[in-house]
$ cat input14.cif   # mmCIF, C-alpha atoms and all ligand atoms
data_my_file
loop_
_atom_site.label_atom_id
_atom_site.label_comp_id
_atom_site.auth_asym_id
_atom_site.auth_seq_id
_atom_site.Cartn_x
_atom_site.Cartn_y
_atom_site.Cartn_z
CA MET I 1 9.70 5.18 -13.37
CA ARG I 2 9.44 4.20 -17.02
CA ASP I 3 6.22 2.81 -18.45
CA ASP I 4 7.92 -0.22 -19.93
CA GLN I 5 9.15 -1.50 -16.59
CA SER I 6 7.72 -4.83 -15.70
CA VAL I 7 5.16 -5.32 -12.98
CA GLU I 8 7.76 -7.40 -11.17
CA VAL I 9 10.43 -4.69 -11.23
CA GLU I 10 8.00 -1.96 -10.16
CA SER I 11 6.73 -4.07 -7.28
CA THR I 12 10.22 -5.05 -6.20
CA GLU I 13 11.54 -1.51 -6.19
CA LEU I 14 8.56 -0.10 -4.31
CA LEU I 15 8.80 -2.89 -1.74
CA ARG I 16 12.51 -2.18 -1.21
CA THR I 17 11.70 1.49 -0.64
CA LEU I 18 9.04 0.66 1.93
CA ILE I 19 11.40 -1.72 3.75
CA ARG I 20 14.16 0.91 3.85
CA ASN I 21 11.72 3.46 5.28
CA ALA I 22 11.75 1.28 8.42
CA CYS I 23 8.42 2.39 9.84
CA VAL I 24 9.03 0.38 12.99
CA ASN I 25 6.07 0.27 15.32
CA ASP I 26 7.14 -0.70 18.83
CA GLY I 27 3.73 0.01 20.34
CA ASN I 28 4.56 3.54 21.47
CA ALA I 29 2.34 6.19 19.92
CA SER I 30 5.37 8.15 18.71
CA SER I 31 6.91 5.17 16.86
CA GLY I 32 6.03 3.99 13.35
CA GLN I 33 6.39 7.38 11.66
CA GLU I 34 4.54 5.95 8.66
CA VAL I 35 4.51 9.40 7.08
CA LYS I 36 7.80 8.32 5.43
CA SER I 37 5.98 5.69 3.41
CA VAL I 38 3.00 7.97 2.76
CA ASP I 39 5.52 10.35 1.14
CA ALA I 40 6.99 7.46 -0.89
CA LEU I 41 3.56 6.36 -2.10
CA GLU I 42 2.68 9.93 -3.08
CA ASP I 43 5.85 10.06 -5.16
CA PHE I 44 4.95 6.71 -6.66
CA PHE I 45 1.41 7.82 -7.60
CA ALA I 46 2.42 11.25 -8.90
CA GLY I 47 1.36 11.79 -12.50
CA SER I 48 -0.73 8.62 -12.68
CA GLY I 49 -4.10 10.40 -12.61
CA LEU I 50 -4.99 8.86 -9.27
CA ALA I 51 -6.72 11.00 -6.67
CA TRP I 52 -5.47 10.67 -3.11
CA GLU I 53 -5.44 12.31 0.26
CA ARG I 54 -3.52 11.81 3.47
CA HIS I 55 -4.64 11.79 7.05
CA GLN I 56 -2.89 11.51 10.33
CA SER I 57 -4.09 10.76 13.81
CA LEU I 58 -0.90 11.92 15.54
CA PRO I 59 2.28 13.60 14.29
CA GLY I 60 4.00 11.22 11.88
CA ARG I 61 1.29 8.56 11.99
CA GLY I 62 0.18 9.09 8.40
CA SER I 63 -2.20 7.04 6.28
CA LEU I 64 -3.05 7.50 2.61
CA ILE I 65 -6.34 6.97 0.77
CA ALA I 66 -6.31 6.77 -3.04
CA ARG I 67 -9.30 6.08 -5.22
CA ILE I 68 -10.58 5.45 -8.70
CA GLU I 69 -14.15 6.66 -8.71
CA GLY I 70 -16.70 4.26 -10.16
CA ARG I 71 -19.19 5.14 -12.90
CA ASP I 72 -22.14 3.61 -11.07
CA HIS I 73 -22.64 4.58 -7.46
CA SER I 74 -24.93 1.62 -6.86
CA ALA I 75 -22.21 -0.86 -7.88
CA PRO I 76 -20.24 -2.63 -5.11
CA ARG I 77 -17.07 -0.87 -3.99
CA LEU I 78 -13.79 -2.62 -3.25
CA LEU I 79 -11.12 -1.43 -0.83
CA LEU I 80 -7.56 -2.77 -0.94
CA MET I 81 -5.81 -2.14 2.37
CA GLY I 82 -2.14 -2.51 3.25
CA HIS I 83 -0.30 -1.41 6.34
CA THR I 84 3.00 0.45 6.13
CA ASP I 85 4.32 -0.21 9.65
CA VAL I 86 6.43 -3.19 10.67
CA VAL I 87 7.45 -4.81 13.93
CA PRO I 88 10.99 -4.34 15.31
CA ALA I 89 13.81 -6.62 14.14
CA ASN I 90 16.97 -7.66 15.96
CA PRO I 91 19.73 -7.62 13.29
CA SER I 92 21.87 -10.11 15.19
CA GLY I 93 19.54 -12.94 14.17
CA TRP I 94 19.45 -12.00 10.48
CA GLN I 95 21.61 -13.03 7.55
CA ARG I 96 21.08 -9.55 6.03
CA ASP I 97 20.28 -6.05 7.23
CA PRO I 98 16.58 -6.18 8.15
CA PHE I 99 16.10 -2.63 6.86
CA GLY I 100 18.46 -2.79 3.88
CA GLY I 101 15.93 -4.08 1.35
CA ASP I 102 18.65 -6.22 -0.27
CA LEU I 103 17.73 -7.92 -3.53
CA VAL I 104 19.74 -11.13 -3.95
CA ASP I 105 19.02 -13.77 -6.56
CA GLY I 106 15.39 -12.74 -6.94
CA ILE I 107 14.72 -12.50 -3.19
CA VAL I 108 13.96 -9.25 -1.37
CA TRP I 109 15.12 -9.34 2.25
CA GLY I 110 13.80 -7.18 5.03
CA ARG I 111 11.34 -6.58 7.81
CA GLY I 112 7.90 -6.36 6.24
CA ALA I 113 8.75 -8.41 3.13
CA ILE I 114 5.75 -10.65 3.82
CA ASP I 115 4.01 -8.70 6.61
CA MET I 116 2.76 -6.96 4.63
CA LEU I 117 4.76 -4.44 2.65
CA ASN I 118 4.73 -6.95 -0.22
CA LEU I 119 0.96 -6.56 -0.52
CA THR I 120 0.95 -2.84 0.28
CA ALA I 121 3.45 -2.39 -2.59
CA THR I 122 1.76 -4.68 -5.11
CA MET I 123 -1.65 -3.13 -4.41
CA ALA I 124 -0.11 0.29 -5.12
CA VAL I 125 1.44 -0.99 -8.36
CA ALA I 126 -1.96 -2.31 -9.44
CA MET I 127 -3.63 1.00 -8.57
CA ARG I 128 -1.11 3.02 -10.57
CA ARG I 129 -1.27 0.73 -13.58
CA LEU I 130 -5.06 0.68 -13.56
CA ALA I 131 -5.18 4.47 -13.28
CA ARG I 132 -2.69 4.95 -16.12
CA SER I 133 -4.62 2.57 -18.33
CA GLY I 134 -7.71 4.76 -17.94
CA PHE I 135 -9.57 2.11 -15.94
CA ARG I 136 -13.07 3.41 -15.25
CA PRO I 137 -14.81 0.68 -13.28
CA ARG I 138 -18.49 0.46 -12.47
CA GLY I 139 -17.77 0.23 -8.74
CA THR I 140 -15.32 2.51 -6.91
CA LEU I 141 -11.85 1.19 -6.13
CA ILE I 142 -10.18 2.46 -2.97
CA TYR I 143 -6.59 1.92 -1.83
CA LEU I 144 -5.66 2.41 1.78
CA ALA I 145 -2.10 2.46 3.13
CA VAL I 146 -2.53 2.57 6.87
CA ALA I 147 -0.37 3.20 9.91
CA ASP I 148 -0.26 1.26 13.14
CA GLU I 149 -1.59 -2.18 12.20
CA GLU I 150 1.13 -3.82 14.27
CA ALA I 151 -0.12 -2.17 17.45
CA GLY I 152 -3.80 -2.87 16.81
CA GLY I 153 -4.61 -0.16 14.25
CA THR I 154 -5.73 2.56 16.68
CA HIS I 155 -3.79 5.22 14.75
CA GLY I 156 -4.52 3.81 11.29
CA ALA I 157 -7.54 1.77 10.22
CA GLY I 158 -9.24 2.34 13.56
CA TYR I 159 -8.76 6.10 13.31
CA LEU I 160 -9.99 6.26 9.71
CA THR I 161 -13.08 4.10 10.24
CA GLU I 162 -13.99 6.21 13.25
CA HIS I 163 -13.12 9.73 12.09
CA HIS I 164 -13.32 9.54 8.30
CA ALA I 165 -15.92 6.84 7.84
CA GLU I 166 -17.26 8.30 4.58
CA LYS I 167 -13.77 8.25 3.01
CA VAL I 168 -13.31 4.56 3.63
CA ALA I 169 -16.92 3.45 3.13
CA THR I 170 -16.89 0.27 1.06
CA ASP I 171 -18.73 -2.96 0.39
CA TYR I 172 -15.71 -5.28 0.44
CA VAL I 173 -12.17 -5.23 1.79
CA ILE I 174 -9.05 -7.20 0.99
CA THR I 175 -5.99 -7.02 3.22
CA GLU I 176 -3.41 -9.46 4.61
CA SER I 177 -2.75 -12.40 4.44
CA GLY I 178 -3.01 -15.76 2.71
CA GLY I 179 -2.41 -17.29 -0.67
CA VAL I 180 0.74 -19.22 0.22
CA PRO I 181 0.41 -22.44 -1.80
CA ILE I 182 0.12 -25.44 0.51
CA PRO I 183 0.66 -28.70 -1.36
CA THR I 184 -2.16 -31.22 -1.00
CA PRO I 185 -2.91 -34.46 -2.88
CA SER I 186 -5.47 -32.56 -4.96
CA GLY I 187 -3.24 -29.63 -5.90
CA PRO I 188 -2.05 -26.45 -4.21
CA MET I 189 -4.41 -24.96 -1.68
CA LEU I 190 -4.47 -21.18 -1.20
CA SER I 191 -5.94 -19.95 2.04
CA ALA I 192 -8.04 -16.80 2.17
CA ALA I 193 -8.42 -15.33 5.64
CA VAL I 194 -12.13 -14.87 6.35
CA ALA I 195 -12.02 -14.84 10.14
CA GLU I 196 -9.65 -13.88 12.88
CA LYS I 197 -9.34 -14.31 16.59
CA GLY I 198 -10.00 -11.55 19.08
CA GLY I 199 -7.11 -9.72 20.70
CA ASN I 200 -7.33 -9.51 24.46
CA SER I 201 -4.67 -8.41 26.91
CA ARG I 202 -4.86 -8.84 30.64
CA ARG I 203 -2.49 -7.67 33.36
CA LEU I 204 -2.33 -9.98 36.34
CA VAL I 205 -1.22 -8.06 39.41
CA VAL I 206 0.19 -10.32 42.10
CA ALA I 207 0.54 -8.84 45.58
CA GLY I 208 2.96 -9.82 48.34
CA THR I 209 4.44 -8.41 51.54
CA PRO I 210 7.76 -6.53 51.44
CA GLY I 211 10.61 -7.62 53.67
CA HIS I 212 14.36 -7.99 53.98
CA GLY I 213 15.92 -10.22 51.36
CA SER I 214 18.27 -11.68 53.98
CA ARG I 215 15.35 -13.32 55.84
CA PRO I 216 13.22 -15.16 53.29
CA LEU I 217 11.78 -17.95 55.46
CA ARG I 218 7.93 -18.03 55.25
CA SER I 219 7.93 -14.67 53.49
CA ASP I 220 5.11 -13.58 51.16
CA ASN I 221 7.20 -13.00 48.04
CA ALA I 222 5.08 -11.73 45.14
CA LEU I 223 7.62 -13.02 42.63
CA VAL I 224 7.44 -16.56 43.97
CA THR I 225 3.65 -16.46 43.78
CA ALA I 226 3.89 -14.97 40.29
CA ALA I 227 6.06 -17.86 39.13
CA GLU I 228 3.26 -20.28 39.99
CA VAL I 229 0.70 -17.96 38.36
CA VAL I 230 2.75 -17.99 35.15
CA ARG I 231 3.05 -21.76 35.26
CA ARG I 232 -0.70 -22.23 35.69
CA VAL I 233 -1.64 -19.77 32.94
CA ALA I 234 0.84 -21.36 30.53
CA ALA I 235 -0.42 -24.87 31.28
CA TYR I 236 -4.10 -23.91 31.00
CA HIS I 237 -6.24 -24.68 28.00
CA PRO I 238 -10.00 -24.27 27.91
CA LYS I 239 -12.19 -26.83 26.22
CA ALA I 240 -11.71 -26.88 22.46
CA ARG I 241 -14.29 -25.62 19.99
CA ILE I 242 -14.31 -26.50 16.30
CA PRO I 243 -15.06 -23.35 14.26
CA ASP I 244 -16.48 -24.01 10.83
CA GLU I 245 -13.46 -22.31 9.21
CA TRP I 246 -11.09 -24.75 10.93
CA ARG I 247 -13.19 -27.79 10.02
CA ARG I 248 -13.22 -26.86 6.33
CA TYR I 249 -9.52 -25.95 6.31
CA ALA I 250 -8.46 -29.17 8.03
CA GLN I 251 -10.58 -31.20 5.65
CA ALA I 252 -9.03 -29.45 2.64
CA LEU I 253 -5.48 -30.34 3.72
CA GLY I 254 -5.88 -33.89 2.45
CA LEU I 255 -4.38 -35.48 5.58
CA ALA I 256 -4.98 -39.09 6.59
CA PRO I 257 -8.70 -39.50 7.42
CA ASP I 258 -7.98 -40.53 11.02
CA LEU I 259 -5.88 -37.44 11.58
CA THR I 260 -8.48 -35.14 10.03
CA ALA I 261 -11.12 -36.68 12.29
CA ALA I 262 -8.95 -36.18 15.39
CA LEU I 263 -8.12 -32.57 14.47
CA THR I 264 -11.81 -31.72 14.09
CA ASP I 265 -12.96 -33.47 17.27
CA PRO I 266 -13.16 -31.11 20.28
CA ASP I 267 -12.36 -33.98 22.63
CA ARG I 268 -9.20 -35.06 20.79
CA VAL I 269 -7.75 -32.02 19.06
CA TYR I 270 -5.60 -30.84 22.00
CA GLU I 271 -3.82 -34.16 22.56
CA THR I 272 -3.46 -34.64 18.80
CA ALA I 273 -1.90 -31.22 18.28
CA ALA I 274 0.40 -31.68 21.29
CA ALA I 275 2.11 -34.60 19.53
CA LEU I 276 1.73 -33.52 15.88
CA GLU I 277 4.48 -32.78 13.36
CA PRO I 278 5.16 -30.44 11.68
CA LEU I 279 5.08 -27.95 14.52
CA SER I 280 3.58 -25.21 12.34
CA LEU I 281 0.48 -27.33 11.68
CA ALA I 282 0.30 -28.32 15.34
CA ARG I 283 0.30 -24.68 16.41
CA THR I 284 -2.32 -23.78 13.81
CA ALA I 285 -4.57 -26.64 14.91
CA HIS I 286 -4.26 -25.64 18.55
CA ALA I 287 -4.74 -21.92 18.00
CA CYS I 288 -7.72 -22.36 15.63
CA THR I 289 -9.61 -24.49 18.16
CA HIS I 290 -8.78 -22.82 21.47
CA THR I 291 -8.75 -19.47 23.14
CA THR I 292 -5.03 -19.22 23.89
CA PHE I 293 -3.09 -17.70 26.80
CA SER I 294 0.54 -16.65 26.50
CA PRO I 295 2.21 -14.87 29.47
CA ASN I 296 4.69 -12.62 27.67
CA VAL I 297 5.79 -9.73 29.90
CA VAL I 298 6.67 -9.61 33.59
CA ARG I 299 7.59 -6.64 35.74
CA GLY I 300 8.38 -6.74 39.41
CA GLY I 301 10.85 -6.29 42.19
CA SER I 302 12.75 -3.14 43.02
CA LYS I 303 16.08 -3.99 44.62
CA ILE I 304 18.21 -7.04 45.20
CA ASN I 305 17.74 -7.02 48.99
CA VAL I 306 13.99 -6.29 49.05
CA ILE I 307 11.36 -9.04 48.92
CA PRO I 308 8.93 -7.81 46.25
CA ASP I 309 5.36 -6.89 47.13
CA ARG I 310 4.07 -6.44 43.59
CA VAL I 311 4.59 -8.25 40.28
CA GLU I 312 2.71 -7.62 37.04
CA ILE I 313 2.29 -10.30 34.39
CA ASP I 314 0.91 -9.33 30.98
CA VAL I 315 -0.90 -12.12 29.17
CA ASP I 316 -1.63 -12.16 25.44
CA ILE I 317 -5.01 -13.85 25.01
CA ARG I 318 -6.48 -14.69 21.60
CA THR I 319 -10.14 -15.58 21.64
CA LEU I 320 -12.10 -17.61 19.14
CA PRO I 321 -14.83 -15.56 17.43
CA GLY I 322 -17.86 -15.44 19.75
CA ILE I 323 -15.92 -15.47 23.04
CA THR I 324 -16.70 -12.40 25.18
CA PRO I 325 -14.39 -10.42 27.50
CA ASP I 326 -16.26 -11.77 30.54
CA GLU I 327 -15.61 -15.31 29.36
CA VAL I 328 -11.90 -14.46 29.12
CA ASP I 329 -11.82 -13.37 32.76
CA ALA I 330 -13.72 -16.49 33.81
CA MET I 331 -11.17 -18.66 32.01
CA LEU I 332 -8.33 -16.85 33.78
CA SER I 333 -9.96 -17.46 37.15
CA GLU I 334 -10.29 -21.12 36.26
CA ALA I 335 -6.61 -21.23 35.29
CA LEU I 336 -5.53 -19.56 38.55
CA GLY I 337 -7.57 -21.91 40.74
CA ASP I 338 -6.94 -21.28 44.43
CA LEU I 339 -4.58 -18.40 43.59
CA ALA I 340 -7.40 -16.41 41.95
CA GLY I 341 -8.03 -14.47 45.17
CA ARG I 342 -4.42 -13.25 45.25
CA VAL I 343 -4.42 -11.90 41.71
CA GLU I 344 -6.09 -8.75 40.43
CA ILE I 345 -7.07 -9.02 36.76
CA GLN I 346 -6.82 -5.73 34.81
CA ARG I 347 -8.30 -5.44 31.33
CA LEU I 348 -5.79 -3.81 29.00
CA ARG I 349 -7.62 -4.68 25.79
CA SER I 350 -10.78 -6.56 24.88
CA GLN I 351 -11.43 -7.02 21.18
CA LEU I 352 -13.85 -9.50 19.73
CA GLY I 353 -12.91 -11.96 17.01
CA SER I 354 -14.50 -11.45 13.62
CA ARG I 355 -15.62 -13.46 10.60
CA SER I 356 -17.03 -12.96 7.11
CA SER I 357 -18.77 -15.34 4.74
CA PHE I 358 -16.70 -16.24 1.68
CA ASP I 359 -19.83 -17.11 -0.32
CA THR I 360 -20.01 -13.67 -1.90
CA PRO I 361 -19.45 -12.24 -5.40
CA LEU I 362 -15.96 -11.12 -4.31
CA GLY I 363 -15.17 -14.59 -2.98
CA ASP I 364 -16.21 -16.01 -6.37
CA ALA I 365 -14.01 -13.48 -8.19
CA ILE I 366 -11.01 -14.35 -6.00
CA ARG I 367 -11.52 -18.03 -6.86
CA ARG I 368 -11.72 -17.28 -10.60
CA VAL I 369 -8.71 -15.00 -10.75
CA SER I 370 -6.52 -17.27 -8.60
CA ALA I 371 -7.35 -20.37 -10.63
CA ALA I 372 -6.21 -18.51 -13.75
CA LEU I 373 -2.92 -17.32 -12.23
CA VAL I 374 -2.05 -20.46 -10.24
CA PRO I 375 -3.26 -23.36 -12.40
CA GLY I 376 -4.70 -26.30 -10.49
CA SER I 377 -5.07 -24.33 -7.27
CA ARG I 378 -8.15 -23.85 -5.15
CA VAL I 379 -8.95 -21.20 -2.56
CA VAL I 380 -9.97 -22.34 0.91
CA PRO I 381 -11.40 -19.92 3.48
CA ALA I 382 -9.51 -19.98 6.77
CA MET I 383 -9.14 -18.31 10.14
CA THR I 384 -6.02 -16.36 11.06
CA THR I 385 -4.75 -16.61 14.59
CA GLY I 386 -3.22 -13.12 14.67
CA GLY I 387 -5.04 -9.82 14.33
CA THR I 388 -5.35 -7.66 11.22
CA ASP I 389 -7.11 -4.43 10.31
CA ALA I 390 -9.86 -6.50 8.63
CA LYS I 391 -11.60 -6.52 12.00
CA TYR I 392 -12.52 -2.83 11.78
CA PHE I 393 -14.54 -3.55 8.66
CA ARG I 394 -15.91 -6.96 9.68
CA TRP I 395 -17.24 -5.45 12.91
CA GLN I 396 -19.33 -3.19 10.63
CA GLY I 397 -20.58 -6.16 8.63
CA VAL I 398 -18.35 -5.49 5.58
CA PRO I 399 -17.01 -8.78 4.16
CA SER I 400 -13.23 -8.62 4.53
CA TYR I 401 -10.66 -11.12 3.36
CA GLY I 402 -6.93 -11.61 3.74
CA PHE I 403 -5.33 -12.68 0.50
CA GLY I 404 -2.32 -12.37 -1.80
CA LEU I 405 -0.48 -14.76 -4.10
CA HIS I 406 2.87 -16.44 -3.63
CA SER I 407 5.04 -18.61 -5.81
CA ARG I 408 6.36 -21.94 -4.60
CA ARG I 409 9.93 -20.68 -4.37
CA ILE I 410 9.90 -20.21 -0.58
CA PRO I 411 8.38 -23.33 1.04
CA HIS I 412 5.06 -22.79 2.79
CA THR I 413 6.54 -24.11 6.03
CA GLU I 414 8.94 -21.12 6.13
CA TYR I 415 6.18 -18.53 6.22
CA PRO I 416 5.02 -18.96 9.82
CA LEU I 417 8.65 -18.53 10.92
CA MET I 418 9.14 -15.35 8.91
CA PHE I 419 6.13 -13.43 10.29
CA HIS I 420 7.70 -11.23 12.97
CA GLY I 421 10.72 -13.60 12.85
CA HIS I 422 14.27 -13.49 11.54
CA ASN I 423 15.19 -13.40 7.83
CA GLU I 424 11.83 -12.19 6.54
CA ARG I 425 11.97 -12.23 2.74
CA VAL I 426 9.93 -12.68 -0.40
CA ASP I 427 10.70 -13.70 -3.96
CA THR I 428 10.01 -11.29 -6.80
CA GLU I 429 7.89 -13.85 -8.66
CA SER I 430 5.46 -13.73 -5.74
CA LEU I 431 5.34 -9.94 -6.07
CA ARG I 432 4.50 -10.21 -9.77
CA LEU I 433 1.78 -12.77 -9.04
CA SER I 434 0.13 -10.58 -6.40
CA ALA I 435 0.26 -7.42 -8.51
CA GLU I 436 -1.24 -9.21 -11.49
CA MET I 437 -3.87 -10.75 -9.26
CA TRP I 438 -4.98 -7.35 -7.92
CA MET I 439 -5.30 -5.98 -11.44
CA ALA I 440 -7.20 -9.02 -12.71
CA LEU I 441 -9.43 -8.99 -9.66
CA CYS I 442 -10.32 -5.32 -10.03
CA ARG I 443 -11.11 -5.79 -13.72
CA ASP I 444 -13.19 -8.90 -13.00
CA PHE I 445 -15.05 -7.68 -9.95
CA LEU I 446 -15.49 -3.95 -10.53
CA ALA I 447 -15.72 -3.62 -14.31
ZN ZN M 1 0.60 -7.48 9.01
#

$ encode --input "input14.cif" --output "structure tokens"
Amino acid sequence: MRDDQSVEVESTELLRTLIRNACVNDGNASSGQEVKSVDALEDFFAGSGLAWERHQSLPGRGSLIARIEGRDHSAPRLLLMGHTDVVPANPSGWQRDPFGGDLVDGIVWGRGAIDMLNLTATMAVAMRRLARSGFRPRGTLIYLAVADEEAGGTHGAGYLTEHHAEKVATDYVITESGGVPIPTPSGPMLSAAVAEKGGNSRRLVVAGTPGHGSRPLRSDNALVTAAEVVRRVAAYHPKARIPDEWRRYAQALGLAPDLTAALTDPDRVYETAAALEPLSLARTAHACTHTTFSPNVVRGGSKINVIPDRVEIDVDIRTLPGITPDEVDAMLSEALGDLAGRVEIQRLRSQLGSRSSFDTPLGDAIRRVSAALVPGSRVVPAMTTGGTDAKYFRWQGVPSYGFGLHSRRIPHTEYPLMFHGHNERVDTESLRLSAEMWMALCRDFLA
């Protein structure tokens, strides 16, 4: 690539490459094959003067670590982390090929365009430009392109923090997501993710008694019981809590004072969210104030003429920071009520939520750099409802934030629909903004 190419073109082309690599992670250990994008990033970094190495936990599950060594080993280090895997996409719901990386009228289309190949690409562009410019910061700068974020990070960030801890040792981390400008009466608000909910999965095993499907009267059909179990779990909501991150975020939105008060009141937030428009805000308000339960997979039955004796229901449970695995099981028992004795609860995954303070030197630098690039904006710390690899670092006490910058071209209300949804896309202006932000941030914070 030529030196005179713009930041925007470099970012766009690298993003299109990463999209076309289609490192689709379906949750199976053999999927993802992120080594394709590790190869692409090696090609991209070649000749820049950057030092890098690659690691893999399983065949094809590659991750890459690049670094610019600092001059002063007592200065704070910064790690920029992007994942290279994406979730599956069903092309029938898309206007364009989800793995084509089409560029149309300044918009890049494809799975991963905002989650988070856009940031993985723009971080890499910043790294290469900084390296080529001879950037020799005081504190070390580390770039991590990791596998497997979309299945919890076991084969990516989790593997590296466990098996190569010294290679990814840092004082601060930035990863996905945030920075979509939300209009408020006092100017655009950019959220920085400083906390996230815990990921818990439970399998509910419902037992019954097998019998002939031709004689259903008074039978003990596990599927019929399971239907009621699903209904109860879906209808259940534990008492709300108001995390500090949600209170500050809701207050920053500039909503009507009555609405802000209701959304930050544990006794009123559920009913308020249940009737609130737009739906995206309603879902955020609900998920940021409750441990949530979503029954998403069911397996059961064997043959059309056999009354089933076993049905499994997998429930996706997202806990507020501070909620323990035992509390999750107690909530499930409460939800099941008098059916609790007929359901075996199996723990598939129990991960705690995590949070970092934003009142840090890096938080201050993010505020400074963003205000310069997006005039009139302010950065507001927030909680994400999904999981990211930030947790692996927050669990170790390393402040970790989700951030990036976006233009106003794609309305902020579209973003929640595009994450793991149809027609995921990003505008090239947003790519330029993020790449410039990473460079400015590194020069501000590490120099
Ligand atoms: Zn992501």

$ closest_atom_pairs --input "input14.cif" --of "chain I" --to "ligand ZN 1 (chain M)" --cutoff "9 Å" --atoms "only C-alpha atoms and all ligand atoms" --output "JSON lines"
{"residue": "I:Gly82", "atom": "CA", "partner": "M:ZN1", "partner_atom": "ZN", "distance": 8.1}
{"residue": "I:His83", "atom": "CA", "partner": "M:ZN1", "partner_atom": "ZN", "distance": 6.7}
{"residue": "I:Thr84", "atom": "CA", "partner": "M:ZN1", "partner_atom": "ZN", "distance": 8.8}
{"residue": "I:Asp85", "atom": "CA", "partner": "M:ZN1", "partner_atom": "ZN", "distance": 8.2}
{"residue": "I:Val86", "atom": "CA", "partner": "M:ZN1", "partner_atom": "ZN", "distance": 7.4}
{"residue": "I:Val87", "atom": "CA", "partner": "M:ZN1", "partner_atom": "ZN", "distance": 8.8}
{"residue": "I:Gly112", "atom": "CA", "partner": "M:ZN1", "partner_atom": "ZN", "distance": 7.9}
{"residue": "I:Ile114", "atom": "CA", "partner": "M:ZN1", "partner_atom": "ZN", "distance": 8.0}
{"residue": "I:Asp115", "atom": "CA", "partner": "M:ZN1", "partner_atom": "ZN", "distance": 4.3}
{"residue": "I:Met116", "atom": "CA", "partner": "M:ZN1", "partner_atom": "ZN", "distance": 4.9}
{"residue": "I:Leu117", "atom": "CA", "partner": "M:ZN1", "partner_atom": "ZN", "distance": 8.2}
{"residue": "I:Glu149", "atom": "CA", "partner": "M:ZN1", "partner_atom": "ZN", "distance": 6.6}
{"residue": "I:Glu150", "atom": "CA", "partner": "M:ZN1", "partner_atom": "ZN", "distance": 6.4}
{"residue": "I:Thr175", "atom": "CA", "partner": "M:ZN1", "partner_atom": "ZN", "distance": 8.8}
{"residue": "I:Glu176", "atom": "CA", "partner": "M:ZN1", "partner_atom": "ZN", "distance": 6.3}
{"residue": "I:Ser177", "atom": "CA", "partner": "M:ZN1", "partner_atom": "ZN", "distance": 7.5}
{"residue": "I:Gly386", "atom": "CA", "partner": "M:ZN1", "partner_atom": "ZN", "distance": 8.9}
{"residue": "I:Gly387", "atom": "CA", "partner": "M:ZN1", "partner_atom": "ZN", "distance": 8.1}
{"residue": "I:Thr388", "atom": "CA", "partner": "M:ZN1", "partner_atom": "ZN", "distance": 6.3}
{"residue": "I:Asp389", "atom": "CA", "partner": "M:ZN1", "partner_atom": "ZN", "distance": 8.4}
{"residue": "I:Phe419", "atom": "CA", "partner": "M:ZN1", "partner_atom": "ZN", "distance": 8.2}
{"residue": "I:His420", "atom": "CA", "partner": "M:ZN1", "partner_atom": "ZN", "distance": 9.0}

$ axis_aligned_box --input "input14.cif" --around "range 316-329 of chain I" --padding-each-side "8 Å" --output "AutoDock Vina command-line options"
--center_x -9.7 --center_y -14.0 --center_z 25.1 --size_x 32.2 --size_y 23.2 --size_z 31.3

$ closest_residue --input "input14.cif" --among "I:Gly353, I:Gly106, I:Gly134, I:Gly139" --to "Gly199 in chain I" --atoms "only C-alpha atoms"
I:Gly353

$ residues_around --input "input14.cif" --residues "Val9 in chain I" --least-positions-apart "3" --cutoff "10 Å" --atoms "all atoms listed in the file" --output "PyMOL selection string"
chain I and resi 5-6+12-15+428-429+431-432

$ atom_distance --input "input14.cif" --atom1 "CA of Asp267 in chain I" --atom2 "CA of His237 in chain I"
12.4 Å

$ atom_distance --input "input14.cif" --atom1 "CA of Arg394 in chain I" --atom2 "CA of Glu162 in chain I"
13.8 Å

$ atom_distance --input "input14.cif" --atom1 "CA of Gly49 in chain I" --atom2 "CA of Ile19 in chain I"
25.6 Å

$ residues_around --input "input14.cif" --residues "Ile182 in chain I" --least-positions-apart "5" --cutoff "9 Å" --atoms "all atoms listed in the file" --output "compact mmCIF listing (two decimals) with C-alpha atoms, in the frame of the given file"
# COMPACT_ATOMS: atom_id res chain seq x y z
CA GLY I 187 -3.24 -29.63 -5.90
CA PRO I 188 -2.05 -26.45 -4.21
CA MET I 189 -4.41 -24.96 -1.68
CA LEU I 190 -4.47 -21.18 -1.20
CA SER I 191 -5.94 -19.95 2.04
CA LEU I 253 -5.48 -30.34 3.72
CA ARG I 408 6.36 -21.94 -4.60
CA PRO I 411 8.38 -23.33 1.04
CA HIS I 412 5.06 -22.79 2.79
CA THR I 413 6.54 -24.11 6.03

$ residues_around --input "input14.cif" --residues "Pro399 in chain I" --least-positions-apart "4" --cutoff "9 Å" --atoms "only C-alpha atoms" --output "ChimeraX atom specification"
/I:171-174,194,355-358,360,362,390,393-394

$ residues_around --input "input14.cif" --residues "Lys197 in chain I" --least-positions-apart "5" --cutoff "10 Å" --atoms "all atoms listed in the file" --output "PyMOL selection string"
chain I and resi 287-288+290-292+317-323+351-355+383-388+391

$ closest_residue --input "input14.cif" --among "I:Ala335, I:Leu58, I:Ala256, I:Leu405" --to "Ser30 in chain I" --atoms "all atoms listed in the file"
I:Leu58

$ closest_residue --input "input14.cif" --among "I:Glu312, I:Asp105, I:Asp26, I:Asp338" --to "Val426 in chain I" --atoms "only C-alpha atoms"
I:Asp105
